[in-house]
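J.: Pasting in a structure now, in structure tokens, and then I'll have a few things to ask.
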Number of protein chains: 4
Amino acid sequence: MTTQLGIALLGAGRMAHVYGPKINAHPGLRLEVVYNHRIASAQRAVDLYGGRATEDLEDALKDPAVDAVVIATPTDTHVDYIETVARAGKPIYCEKPLDQTLDRVDRALTALEAHPVPFMLGFNRRFDPDNGALRTAVQNGDIGRLTMLMSWSREPAPPPIEYVRASGGYFVDATIHDIDLLCWIAGERPVEVHASGSCVFNPEIGAEGDFDLTMTTFRMPSGALVHINNSRACAYGFDQRLEAFGDDGMLQTINHRDDPLIRWDGRRTEAREPLKHFFLERYDQSFYNALDEFHRAIIEDRQPSATAQHGRDALAIALACQTSAKTRQFVCPDYGT
Amino acid sequence: MTTQLGIALLGAGRMAHVYGPKINAHPGLRLEVVYNHRIASAQRAVDLYGGRATEDLEDALKDPAVDAVVIATPTDTHVDYIETVARAGKPIYCEKPLDQTLDRVDRALTALEAHPVPFMLGFNRRFDPDNGALRTAVQNGDIGRLTMLMSWSREPAPPPIEYVRASGGYFVDATIHDIDLLCWIAGERPVEVHASGSCVFNPEIGAEGDFDLTMTTFRMPSGALVHINNSRACAYGFDQRLEAFGDDGMLQTINHRDDPLIRWDGRRTEAREPLKHFFLERYDQSFYNALDEFHRAIIEDRQPSATAQHGRDALAIALACQTSAKTRQFVCPDYGT
Amino acid sequence: MTTQLGIALLGAGRMAHVYGPKINAHPGLRLEVVYNHRIASAQRAVDLYGGRATEDLEDALKDPAVDAVVIATPTDTHVDYIETVARAGKPIYCEKPLDQTLDRVDRALTALEAHPVPFMLGFNRRFDPDNGALRTAVQNGDIGRLTMLMSWSREPAPPPIEYVRASGGYFVDATIHDIDLLCWIAGERPVEVHASGSCVFNPEIGAEGDFDLTMTTFRMPSGALVHINNSRACAYGFDQRLEAFGDDGMLQTINHRDDPLIRWDGRRTEAREPLKHFFLERYDQSFYNALDEFHRAIIEDRQPSATAQHGRDALAIALACQTSAKTRQFVCPDYGT
Amino acid sequence: MTTQLGIALLGAGRMAHVYGPKINAHPGLRLEVVYNHRIASAQRAVDLYGGRATEDLEDALKDPAVDAVVIATPTDTHVDYIETVARAGKPIYCEKPLDQTLDRVDRALTALEAHPVPFMLGFNRRFDPDNGALRTAVQNGDIGRLTMLMSWSREPAPPPIEYVRASGGYFVDATIHDIDLLCWIAGERPVEVHASGSCVFNPEIGAEGDFDLTMTTFRMPSGALVHINNSRACAYGFDQRLEAFGDDGMLQTINHRDDPLIRWDGRRTEAREPLKHFFLERYDQSFYNALDEFHRAIIEDRQPSATAQHGRDALAIALACQTSAKTRQFVCPDYGT
């Protein structure tokens, strides 16, 4: 019998609508409360996914049916909610990133040290089965010692400029996924990063001082080198690839599509349809698996595998990439003490 | 809210153990009773999947909690059970084949005509998403008019000789899957078949007058030609492929594996791990989807899409293939009236 | 230093224009004479490829500069020319097929027995590097014992009806290539064939009693089964594939294209351009390699590897396929004594 | 009729033995003289490829049968020979790189300005058909505007340490190929480079201050970003790939192998044999094609397409990469005036 945990979902925006159905689909989770400071938004989520709506966070946290909390609010509110929920002693699953500044992230780390509840950061791509298989193969020594690691992450189309303005910049918003994934696979953090960015798709993004096309390099303590390329536009869908190169060989992941067929016609042969559209389609399973890890960790009375410290590391690296691309300098990430 | 149907599962052998977990996994189905003439076997299934055990079929059929019946007993008992259950007025899902003889299949058809309950034959491969995508693409005209259709079905290793003896022969036991699938995709039945068989893997199979390696050809009313090849052994797993060729192009399905990675080493490059082991692994999803079609048909008060008549057609074709391979003659299948 | 052989090319039609440039490209061959009964046609070939034109065959054969003869005349003249050239004692390379009837082929065999000159039949596909690699791998035991062998040969578009009328039928004209190739790879000849044909592309072909879509099966003495499919039309180019299946694995050849790139766009991903157009493009190298085998055999004073007997075998099998498709019977090829 | 040019080949080392057979294979080139300061080495090349040996450069350059010169001597002698041969008024094909220092390269440019003979630098990879097809497709707009360009060049095994010592460093020795190729494809030169290098395979290489594993990034004037990765070791052969990403799609080249088959066995499926061993095997055709461009340019009285200025640009970029990797700074290449 699966132990079922009552969940309070904080937030009623885009990411809340990602987590709502996943919570419902998981036999070990049960949506109890949706909290939002605007009750109407919370109610709309409740209408779709069940539970009850509230605009009073304390009310949600005191509810004895609430065993754990999923934070899916705007990024700049994550740290405040973490502090409040940790103080209330409830396990926390927080959508990434923790925050856009190291100072505030450190506040969250301090709160979690003072109130050591199970805490999981939503680096869902670790929980993608393909990415996990690559990490397992690397760690099993299938390619010997790892020497190069590469990640492609190209999005279908640039987001609205309002999204970009609030995003913390392309490295903090998007590259951070590749950063966490590659450090997790390599088992080490870069000693130094250098990155270049361009703005080629939407000049408004450049006017904000941000990039929509980047290439990033890490030098790792082991000597391994890491490459990430990101693009805010991609004609053929959401391009997500990893390549791990080592002494004894190479491993690559494969892009996903909805259509399983190989197609031959007078224009193209051995062809496949375009890729999954974007992250909701491509990482549907991994969001579920991430919640599953959260559930298991609570049941098994242990910390989840994607920690707040991992979130701090990834942010430190992403900020170093941003600095590198803006100042045209090699940068050592600020890993704190 | 999903309408839940109480299921009586008849049988407690290999196929019953395939359907047990699938019934449990389906939110619209609920295992109520497991019937087997040996109560201990029924009880073992109940211990694993729930419900209650009985050795009294009437008891199961009279249970008001039983809304529908899944027949997963030995093939030669299917027709008797169909007659009994149809008379009791319960919807029937019956594992394929209906029977190994057309006479007995016709008895089942007669019973279903007299008692027109919803009846579904377990041609699960139709419900595989890849096979379905190929059929949809063919029917959408993606390759224009269909002119050739090919199927590969190569099993990992020959079954025990006892299994072979009771199987009705390789064509009736295994090729029947390809037969149904290809007729379903093509939307027509062969006017004529010719087939060759060899025994190259286990001489005991040959001693039974059976084959373990076959190639089959159909001529279709439209002029399309169909090829099937079957092997009772395959070094690299369960090889399952379809190829549809038409005026405007070609469509192919892709084999499935557990490992998602592309692997390069000093011996092989761009390589993949071996295929899924056998049908339980490869068609896991399609068994579930077949039960889902059964559930939907009952809820929607319609006949399921894989009918008893399809089962009769496929058997008639399989028997014609067998006759062709044994007598070295082209054979027209006996489609009845 | 390469020993250079003076060549008399018989014929000035399509195949002569295939061999002319290949003779010139080979450092060991030198076009000396082009013979055609219409001197103007011969002269046109000479204008393109060099040598001298003649309408007098004896003149060509008596020329001391002529070391060997390439017969590229219409099929129904092959046997007569073979008799004449063999009597003149010159090595012969003859375009396939030897003839469309076994009686006349036997006349050629008799002539070659009486005048045992080096004789090579132009089964050029044996000399394709990919096909050769597959045979070598099969014979090296890379897949253990061979149990299934499959060939696809789909042409871009039906030939003019005049060509079809003179072709001897689809099996004799085209399937004969697959037949020879598969027997050469398998190292054995079928004990029995069965085939089906349709006419789906050009009804004029059907009106001639011929087919434009066929599927053929062989049962081999070892128990191996062989499948060939042929189509007179193919939307994506000249589809040429082989698949060899054995106890330990499978080997496949790959289609060829002019464009080497993998192409991704909004409509298709991981795509390739269409295949090489037809046999002149696809087997360009193999025609050259076939002439090279002819050259080597003469220099090394041995019989070439593709013999007149192989041509007789392939014709016997092709005629058996034709009979099978027309009479809807299994047929044993007439291999003579 | 092909106009044949008499060639003086300077050098008798490894690269001279690459060019000797290629000169012989080209119908428009004829090896007349092999010059080496050690006559015995020159004679060994002559024994293999023909011509006459000399240790007197003036003698070779005055020979009226010598129409053009191929310089395949050690890199640090290229500039001196270019000056001498340019002064003698003979067309020059010079193996890359021009030199390891910009000062000396500028001397060569000055000499070629004073004596404007046809001059071609041996950037053979431009003449590889696959690389050429990618450039043509990019320039045809097949992927719209180019935004990312990536190159992989991984060698099978580290060279002897003596080779490394004389090589000018990994960027100048090897990356320079990728640099020239990518600038040629993109049609622009980087405004800035940043690179990281490690020494993971042979510590002796690191002791020389050199790298055996590098990742390089270019920012181009158009905003396009370029990535190169190089490794002195690769388990599966000589990995050579290009990827071009643009607004409308992506293009990729494919690695080459000797074995054309797709192989399936109990360990690996859809597998290919390892890649071509190294550059001599992989770029065999492109060396020939480069000589062909040299021949055509002379015949057509024009400059060859790979110029000394391209050589200077590539060296300036390679040196900037080296400086970047050593100083951990972003570097602007010194393109001279």
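Chain identifiers are assigned as A, B, and so on, following the order in which chains appear in the structure tokens; residues are numbered from 1 within each chain, and ligands are numbered from 1 in order of appearance.
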With only C-alpha atoms counted and 6 Å as the cut-off, give the residues of chain D in contact with chain A, each with its shortest interatomic distance in Å and the pair that gives it, as a tab-separated table.
T.:
residue	atom	partner	partner_atom	distance
D:Ser198	CA	A:Gly223	CA	5.4
D:Gly223	CA	A:Ser198	CA	5.4
D:Ala235	CA	A:Asp248	CA	5.2
D:Asp248	CA	A:Ala235	CA	5.2
D:Gly249	CA	A:Ala235	CA	5.4
D:Arg328	CA	A:Phe330	CA	5.9
D:Gln329	CA	A:Gln329	CA	5.9
D:Phe330	CA	A:Arg328	CA	5.9
J.: Pull N, CA and C atoms from the residues just selected and write them as a PDB file, in the first residue's frame.
T.:
ATOM      1  N   SER D 198      43.180  20.943 -21.491  1.00  0.00           N
ATOM      2  CA  SER D 198      43.626  20.080 -20.397  1.00  0.00           C
ATOM      3  C   SER D 198      44.676  19.132 -20.951  1.00  0.00           C
ATOM      4  N   GLY D 223      27.222  37.540 -35.011  1.00  0.00           N
ATOM      5  CA  GLY D 223      26.561  37.062 -33.798  1.00  0.00           C
ATOM      6  C   GLY D 223      26.556  35.551 -33.694  1.00  0.00           C
ATOM      7  N   ALA D 235      38.726   6.395 -28.665  1.00  0.00           N
ATOM      8  CA  ALA D 235      38.695   4.926 -28.680  1.00  0.00           C
ATOM      9  C   ALA D 235      38.131   4.340 -29.969  1.00  0.00           C
ATOM     10  N   ASP D 248      16.373  28.035 -39.795  1.00  0.00           N
ATOM     11  CA  ASP D 248      15.386  27.126 -40.383  1.00  0.00           C
ATOM     12  C   ASP D 248      15.694  25.657 -40.172  1.00  0.00           C
ATOM     13  N   GLY D 249      16.796  25.343 -39.499  1.00  0.00           N
ATOM     14  CA  GLY D 249      17.085  23.936 -39.285  1.00  0.00           C
ATOM     15  C   GLY D 249      18.533  23.674 -38.953  1.00  0.00           C
ATOM     16  N   ARG D 328      43.971  32.220 -19.750  1.00  0.00           N
ATOM     17  CA  ARG D 328      42.600  32.290 -19.252  1.00  0.00           C
ATOM     18  C   ARG D 328      42.025  33.694 -19.462  1.00  0.00           C
ATOM     19  N   GLN D 329      42.163  34.170 -20.674  1.00  0.00           N
ATOM     20  CA  GLN D 329      41.611  35.446 -21.106  1.00  0.00           C
ATOM     21  C   GLN D 329      40.852  35.247 -22.419  1.00  0.00           C
ATOM     22  N   PHE D 330      39.867  36.077 -22.667  1.00  0.00           N
ATOM     23  CA  PHE D 330      39.304  36.189 -24.010  1.00  0.00           C
ATOM     24  C   PHE D 330      40.336  36.921 -24.876  1.00  0.00           C
TER      25      PHE D 330
END
J.: Which residues in stretch 27-247 of chain B does DSSP call strand (DSSP E or B)? List them as a ChimeraX atom specification.
T.: /B:29-35,52-54,68-71,92-94,119-121,146-154,192-198,213-219,225-231,239-246
J.: I'd like the neighbourhood of stretch 7-18 of chain D as a ChimeraX atom specification, where a residue qualifies if any of its atoms comes within 8 Å (using only C-alpha atoms), though same-chain residues fewer than 5 positions away should be ignored.
T.: /D:29-36,41-42,45,60-61,66-74,95,280
J.: Using only C-alpha atoms, determine which residues lie at most 12 Å from C:Thr84, disregarding the query and same-chain residues fewer than 6 positions distant; provide the list as a PyMOL selection string.
T.: chain C and resi 10+57-58+60-62+69+71+77-78+90-92+107-108+111-112+114-115+117
J.: Let me see the file: selected residues, N, CA, C and O atoms, as a PDB file, in the first residue's frame.
T.:
ATOM      1  N   LEU C  10      30.914  -4.908 -78.432  1.00  0.00           N
ATOM      2  CA  LEU C  10      29.823  -5.243 -79.357  1.00  0.00           C
ATOM      3  C   LEU C  10      28.558  -4.554 -78.875  1.00  0.00           C
ATOM      4  O   LEU C  10      28.151  -4.732 -77.728  1.00  0.00           O
ATOM      5  N   LEU C  57      31.835  -7.955 -87.900  1.00  0.00           N
ATOM      6  CA  LEU C  57      32.276  -8.585 -86.665  1.00  0.00           C
ATOM      7  C   LEU C  57      33.592  -9.341 -86.859  1.00  0.00           C
ATOM      8  O   LEU C  57      34.490  -9.293 -86.012  1.00  0.00           O
ATOM      9  N   GLU C  58      33.692 -10.042 -88.023  1.00  0.00           N
ATOM     10  CA  GLU C  58      34.920 -10.821 -88.267  1.00  0.00           C
ATOM     11  C   GLU C  58      36.140  -9.891 -88.260  1.00  0.00           C
ATOM     12  O   GLU C  58      37.188 -10.231 -87.716  1.00  0.00           O
ATOM     13  N   ALA C  60      36.485  -7.207 -86.587  1.00  0.00           N
ATOM     14  CA  ALA C  60      36.824  -6.868 -85.198  1.00  0.00           C
ATOM     15  C   ALA C  60      37.557  -8.024 -84.530  1.00  0.00           C
ATOM     16  O   ALA C  60      38.541  -7.823 -83.805  1.00  0.00           O
ATOM     17  N   LEU C  61      37.055  -9.240 -84.741  1.00  0.00           N
ATOM     18  CA  LEU C  61      37.619 -10.382 -84.021  1.00  0.00           C
ATOM     19  C   LEU C  61      39.011 -10.757 -84.539  1.00  0.00           C
ATOM     20  O   LEU C  61      39.797 -11.373 -83.820  1.00  0.00           O
ATOM     21  N   LYS C  62      39.274 -10.422 -85.808  1.00  0.00           N
ATOM     22  CA  LYS C  62      40.596 -10.760 -86.371  1.00  0.00           C
ATOM     23  C   LYS C  62      41.646  -9.700 -86.012  1.00  0.00           C
ATOM     24  O   LYS C  62      42.834  -9.941 -86.188  1.00  0.00           O
ATOM     25  N   VAL C  69      36.513  -9.353 -75.629  1.00  0.00           N
ATOM     26  CA  VAL C  69      35.281  -8.816 -76.200  1.00  0.00           C
ATOM     27  C   VAL C  69      34.273  -8.551 -75.081  1.00  0.00           C
ATOM     28  O   VAL C  69      34.103  -9.381 -74.184  1.00  0.00           O
ATOM     29  N   ILE C  71      30.319  -7.951 -74.735  1.00  0.00           N
ATOM     30  CA  ILE C  71      29.049  -8.044 -75.467  1.00  0.00           C
ATOM     31  C   ILE C  71      27.993  -7.223 -74.732  1.00  0.00           C
ATOM     32  O   ILE C  71      27.627  -7.542 -73.596  1.00  0.00           O
ATOM     33  N   THR C  77      20.480 -11.480 -78.851  1.00  0.00           N
ATOM     34  CA  THR C  77      21.631 -11.737 -79.733  1.00  0.00           C
ATOM     35  C   THR C  77      22.836 -12.261 -78.971  1.00  0.00           C
ATOM     36  O   THR C  77      23.845 -12.625 -79.585  1.00  0.00           O
ATOM     37  N   HIS C  78      22.752 -12.279 -77.614  1.00  0.00           N
ATOM     38  CA  HIS C  78      23.921 -12.666 -76.809  1.00  0.00           C
ATOM     39  C   HIS C  78      24.471 -14.020 -77.217  1.00  0.00           C
ATOM     40  O   HIS C  78      25.677 -14.192 -77.406  1.00  0.00           O
ATOM     41  N   LYS C  90      38.366 -15.630 -78.239  1.00  0.00           N
ATOM     42  CA  LYS C  90      38.602 -14.415 -77.443  1.00  0.00           C
ATOM     43  C   LYS C  90      37.845 -14.494 -76.109  1.00  0.00           C
ATOM     44  O   LYS C  90      36.683 -14.943 -76.077  1.00  0.00           O
ATOM     45  N   PRO C  91      38.449 -14.011 -75.047  1.00  0.00           N
ATOM     46  CA  PRO C  91      37.733 -13.910 -73.770  1.00  0.00           C
ATOM     47  C   PRO C  91      36.491 -13.034 -73.917  1.00  0.00           C
ATOM     48  O   PRO C  91      36.518 -12.046 -74.653  1.00  0.00           O
ATOM     49  N   ILE C  92      35.426 -13.410 -73.204  1.00  0.00           N
ATOM     50  CA  ILE C  92      34.128 -12.740 -73.354  1.00  0.00           C
ATOM     51  C   ILE C  92      33.627 -12.219 -72.009  1.00  0.00           C
ATOM     52  O   ILE C  92      33.590 -12.962 -71.024  1.00  0.00           O
ATOM     53  N   ARG C 107      22.757 -23.596 -75.441  1.00  0.00           N
ATOM     54  CA  ARG C 107      23.608 -23.491 -76.646  1.00  0.00           C
ATOM     55  C   ARG C 107      24.890 -22.718 -76.316  1.00  0.00           C
ATOM     56  O   ARG C 107      25.981 -23.118 -76.740  1.00  0.00           O
ATOM     57  N   ALA C 108      24.753 -21.649 -75.557  1.00  0.00           N
ATOM     58  CA  ALA C 108      25.943 -20.874 -75.181  1.00  0.00           C
ATOM     59  C   ALA C 108      26.883 -21.712 -74.321  1.00  0.00           C
ATOM     60  O   ALA C 108      28.101 -21.701 -74.520  1.00  0.00           O
ATOM     61  N   ALA C 111      28.750 -24.058 -76.493  1.00  0.00           N
ATOM     62  CA  ALA C 111      29.801 -23.366 -77.244  1.00  0.00           C
ATOM     63  C   ALA C 111      31.004 -23.083 -76.351  1.00  0.00           C
ATOM     64  O   ALA C 111      32.161 -23.233 -76.779  1.00  0.00           O
ATOM     65  N   LEU C 112      30.730 -22.693 -75.109  1.00  0.00           N
ATOM     66  CA  LEU C 112      31.838 -22.356 -74.203  1.00  0.00           C
ATOM     67  C   LEU C 112      32.580 -23.601 -73.745  1.00  0.00           C
ATOM     68  O   LEU C 112      33.771 -23.532 -73.398  1.00  0.00           O
ATOM     69  N   ALA C 114      32.989 -26.186 -75.754  1.00  0.00           N
ATOM     70  CA  ALA C 114      33.788 -26.530 -76.931  1.00  0.00           C
ATOM     71  C   ALA C 114      34.977 -25.567 -77.089  1.00  0.00           C
ATOM     72  O   ALA C 114      36.058 -25.970 -77.539  1.00  0.00           O
ATOM     73  N   HIS C 115      34.741 -24.319 -76.745  1.00  0.00           N
ATOM     74  CA  HIS C 115      35.812 -23.313 -76.881  1.00  0.00           C
ATOM     75  C   HIS C 115      35.974 -22.623 -75.533  1.00  0.00           C
ATOM     76  O   HIS C 115      35.398 -21.565 -75.301  1.00  0.00           O
ATOM     77  N   VAL C 117      37.037 -20.387 -73.614  1.00  0.00           N
ATOM     78  CA  VAL C 117      37.636 -19.065 -73.382  1.00  0.00           C
ATOM     79  C   VAL C 117      37.200 -18.561 -72.006  1.00  0.00           C
ATOM     80  O   VAL C 117      36.153 -18.978 -71.494  1.00  0.00           O
TER      81      VAL C 117
END
J.: Within 12 Å of B:Gly187, counting only C-alpha atoms, which residues qualify if same-chain residues fewer than 6 places away don't, as JSON, numbers by chain?
T.: {"B": [135, 136, 138, 139, 145, 146, 149, 179, 180, 181, 220, 221, 222, 224, 310]}
J.: Just write the chosen residues, N, CA and C atoms, as a short mmCIF file (atom, residue, chain, number, x, y, z; two decimals), in the first residue's frame.
T.:
data_model
loop_
_atom_site.label_atom_id
_atom_site.label_comp_id
_atom_site.auth_asym_id
_atom_site.auth_seq_id
_atom_site.Cartn_x
_atom_site.Cartn_y
_atom_site.Cartn_z
N ARG B 135 -0.62 2.49 -38.96
CA ARG B 135 -1.93 2.34 -39.61
C ARG B 135 -2.57 3.69 -39.89
N THR B 136 -2.51 4.57 -38.92
CA THR B 136 -3.11 5.90 -39.10
C THR B 136 -2.45 6.62 -40.28
N VAL B 138 -0.90 5.29 -42.82
CA VAL B 138 -1.31 4.63 -44.08
C VAL B 138 -2.71 5.09 -44.45
N GLN B 139 -3.61 5.10 -43.48
CA GLN B 139 -4.99 5.45 -43.78
C GLN B 139 -5.15 6.95 -44.10
N ARG B 145 -1.32 5.26 -52.15
CA ARG B 145 -1.91 3.92 -52.15
C ARG B 145 -0.89 2.92 -51.63
N LEU B 146 -1.33 2.02 -50.77
CA LEU B 146 -0.44 0.99 -50.21
C LEU B 146 -0.21 -0.11 -51.24
N LEU B 149 3.37 -4.46 -47.93
CA LEU B 149 3.30 -4.39 -46.47
C LEU B 149 4.12 -5.56 -45.94
N ILE B 179 -0.70 -11.58 -39.07
CA ILE B 179 -1.83 -11.67 -40.01
C ILE B 179 -2.89 -10.65 -39.64
N ASP B 180 -3.32 -10.68 -38.39
CA ASP B 180 -4.37 -9.74 -37.99
C ASP B 180 -3.92 -8.30 -38.14
N LEU B 181 -2.67 -8.05 -37.72
CA LEU B 181 -2.14 -6.68 -37.75
C LEU B 181 -2.10 -6.15 -39.18
N MET B 220 -3.37 -9.47 -52.10
CA MET B 220 -4.56 -8.80 -51.60
C MET B 220 -5.47 -8.42 -52.78
N PRO B 221 -6.76 -8.23 -52.51
CA PRO B 221 -7.68 -7.86 -53.60
C PRO B 221 -7.22 -6.61 -54.35
N SER B 222 -6.62 -5.66 -53.67
CA SER B 222 -6.19 -4.41 -54.31
C SER B 222 -4.97 -4.58 -55.19
N ALA B 224 -2.08 -5.22 -53.72
CA ALA B 224 -0.97 -5.10 -52.76
C ALA B 224 -0.45 -6.49 -52.41
N HIS B 310 -12.90 -10.95 -36.80
CA HIS B 310 -11.48 -10.75 -37.11
C HIS B 310 -10.66 -11.96 -36.67
#
J.: Counting only C-alpha atoms, what is within 12 Å of A:His295, bar same-chain residues fewer than 3 positions away, as a ChimeraX atom specification?
T.: /A:2-7,23,26-30,67-70,91-93,118-120,288-292,298-305
J.: Considering only helix (DSSP H, G or I) as DSSP defines it on the backbone, what residues of stretch 76-290 of chain D qualify? List them as number ranges by chain.
T.: D: 76-87, 102-114, 124-127, 129-139, 161-166, 170-186, 203-207, 279-282, 284-290
J.: Might you pull out every residue within 8 Å of D:Arg125, with only C-alpha atoms counted and same-chain residues fewer than 2 positions away left off, and present them as a compact mmCIF listing (two decimals) with all heavy atoms, in the first residue's frame?
T.:
# COMPACT_ATOMS: atom_id res chain seq x y z
N PHE D 123 44.86 23.29 -47.08
CA PHE D 123 43.73 23.05 -46.17
C PHE D 123 42.81 22.03 -46.81
O PHE D 123 41.73 22.34 -47.29
CB PHE D 123 42.99 24.35 -45.88
CG PHE D 123 43.64 25.20 -44.82
CD1 PHE D 123 43.82 26.57 -45.03
CD2 PHE D 123 44.07 24.66 -43.62
CE1 PHE D 123 44.41 27.36 -44.04
CE2 PHE D 123 44.66 25.44 -42.63
CZ PHE D 123 44.83 26.79 -42.85
N PHE D 127 38.26 20.40 -49.06
CA PHE D 127 38.01 19.69 -50.32
C PHE D 127 37.40 18.33 -50.09
O PHE D 127 37.20 17.56 -51.02
CB PHE D 127 39.32 19.63 -51.12
CG PHE D 127 39.83 21.00 -51.43
CD1 PHE D 127 40.76 21.62 -50.60
CD2 PHE D 127 39.31 21.71 -52.49
CE1 PHE D 127 41.19 22.92 -50.85
CE2 PHE D 127 39.73 23.01 -52.75
CZ PHE D 127 40.67 23.62 -51.94
N ASP D 128 37.09 18.02 -48.84
CA ASP D 128 36.33 16.82 -48.53
C ASP D 128 34.91 17.00 -49.03
O ASP D 128 34.28 18.04 -48.75
CB ASP D 128 36.33 16.60 -47.01
CG ASP D 128 35.42 15.46 -46.63
OD1 ASP D 128 35.74 14.31 -46.98
OD2 ASP D 128 34.38 15.72 -46.00
N ASN D 131 32.27 17.92 -46.23
CA ASN D 131 32.42 19.27 -45.73
C ASN D 131 31.96 20.29 -46.78
O ASN D 131 31.30 21.29 -46.45
CB ASN D 131 33.87 19.54 -45.34
CG ASN D 131 34.32 18.70 -44.15
OD1 ASN D 131 33.48 18.18 -43.42
ND2 ASN D 131 35.62 18.56 -43.97
N HIS D 177 42.97 23.24 -38.48
CA HIS D 177 42.12 22.65 -39.52
C HIS D 177 40.65 23.03 -39.31
O HIS D 177 39.96 23.45 -40.23
CB HIS D 177 42.21 21.12 -39.50
CG HIS D 177 43.33 20.58 -40.31
ND1 HIS D 177 43.45 20.79 -41.65
CD2 HIS D 177 44.40 19.83 -39.95
CE1 HIS D 177 44.52 20.17 -42.10
NE2 HIS D 177 45.14 19.58 -41.10
N LEU D 181 38.30 25.54 -41.60
CA LEU D 181 37.08 24.96 -42.17
C LEU D 181 35.85 25.76 -41.73
O LEU D 181 34.97 26.08 -42.55
CB LEU D 181 36.98 23.51 -41.68
CG LEU D 181 35.99 22.59 -42.35
CD1 LEU D 181 36.24 22.50 -43.86
CD2 LEU D 181 36.10 21.18 -41.74
N TYR D 283 40.75 11.44 -44.97
CA TYR D 283 40.81 12.53 -45.94
C TYR D 283 41.59 12.17 -47.19
O TYR D 283 42.07 13.05 -47.90
CB TYR D 283 41.35 13.80 -45.25
CG TYR D 283 40.35 14.37 -44.27
CD1 TYR D 283 40.60 14.38 -42.91
CD2 TYR D 283 39.12 14.86 -44.71
CE1 TYR D 283 39.65 14.87 -42.01
CE2 TYR D 283 38.18 15.34 -43.82
CZ TYR D 283 38.45 15.35 -42.47
OH TYR D 283 37.51 15.84 -41.60
N SER D 286 40.26 13.93 -50.05
CA SER D 286 40.36 15.39 -50.02
C SER D 286 41.77 15.86 -50.35
O SER D 286 41.94 16.95 -50.91
CB SER D 286 39.87 15.94 -48.68
OG SER D 286 40.79 15.71 -47.67
N PHE D 287 42.79 15.05 -50.04
CA PHE D 287 44.14 15.41 -50.49
C PHE D 287 44.18 15.43 -52.03
O PHE D 287 44.73 16.34 -52.64
CB PHE D 287 45.18 14.43 -49.95
CG PHE D 287 45.58 14.68 -48.53
CD1 PHE D 287 45.17 13.84 -47.51
CD2 PHE D 287 46.38 15.77 -48.21
CE1 PHE D 287 45.55 14.08 -46.20
CE2 PHE D 287 46.76 16.02 -46.90
CZ PHE D 287 46.33 15.18 -45.88
J.: Between atom CA of B:Asp76 and atom CA of B:Glu55, what distance in Å does the model show, to one decimal?
T.: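 Pair atom CA of B:Asp76 / atom CA of B:Glu55 returns 18.4 Å.
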J.: Given only C-alpha atoms as the basis, pick out the residue of A:Thr175, A:Thr54, A:Asn124, A:Gln252 nearest to A:Glu293.
T.: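 Of A:Thr175, A:Thr54, A:Asn124, A:Gln252, the one nearest A:Glu293, counting only C-alpha atoms, is A:Asn124.
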J.: What is the atom CA of A:Pro333-atom CA of D:Gln322 distance in Å, reported with one decimal?
T.: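 Atom CA of D:Gln322 lies 22.9 Å from atom CA of A:Pro333.
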J.: Would you work out the distance separating atom CA of D:Arg87 from atom CA of D:Ser167, expressed in Å to one decimal?
T.: 27.6 Å
J.: Rank nothing, just name the residue among C:Tyr163, C:Trp184, C:Tyr335, C:Phe278 nearest to C:Val105, using only C-alpha atoms.
T.: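 Among the listed residues, C:Tyr335 lies closest to C:Val105.
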J.: Nearest residue to A:Pro97 out of A:Glu113, A:Asp173, A:Asp212, A:Glu273, using only C-alpha atoms?
T.: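 Under the stated criterion, the closest residue is A:Asp173.
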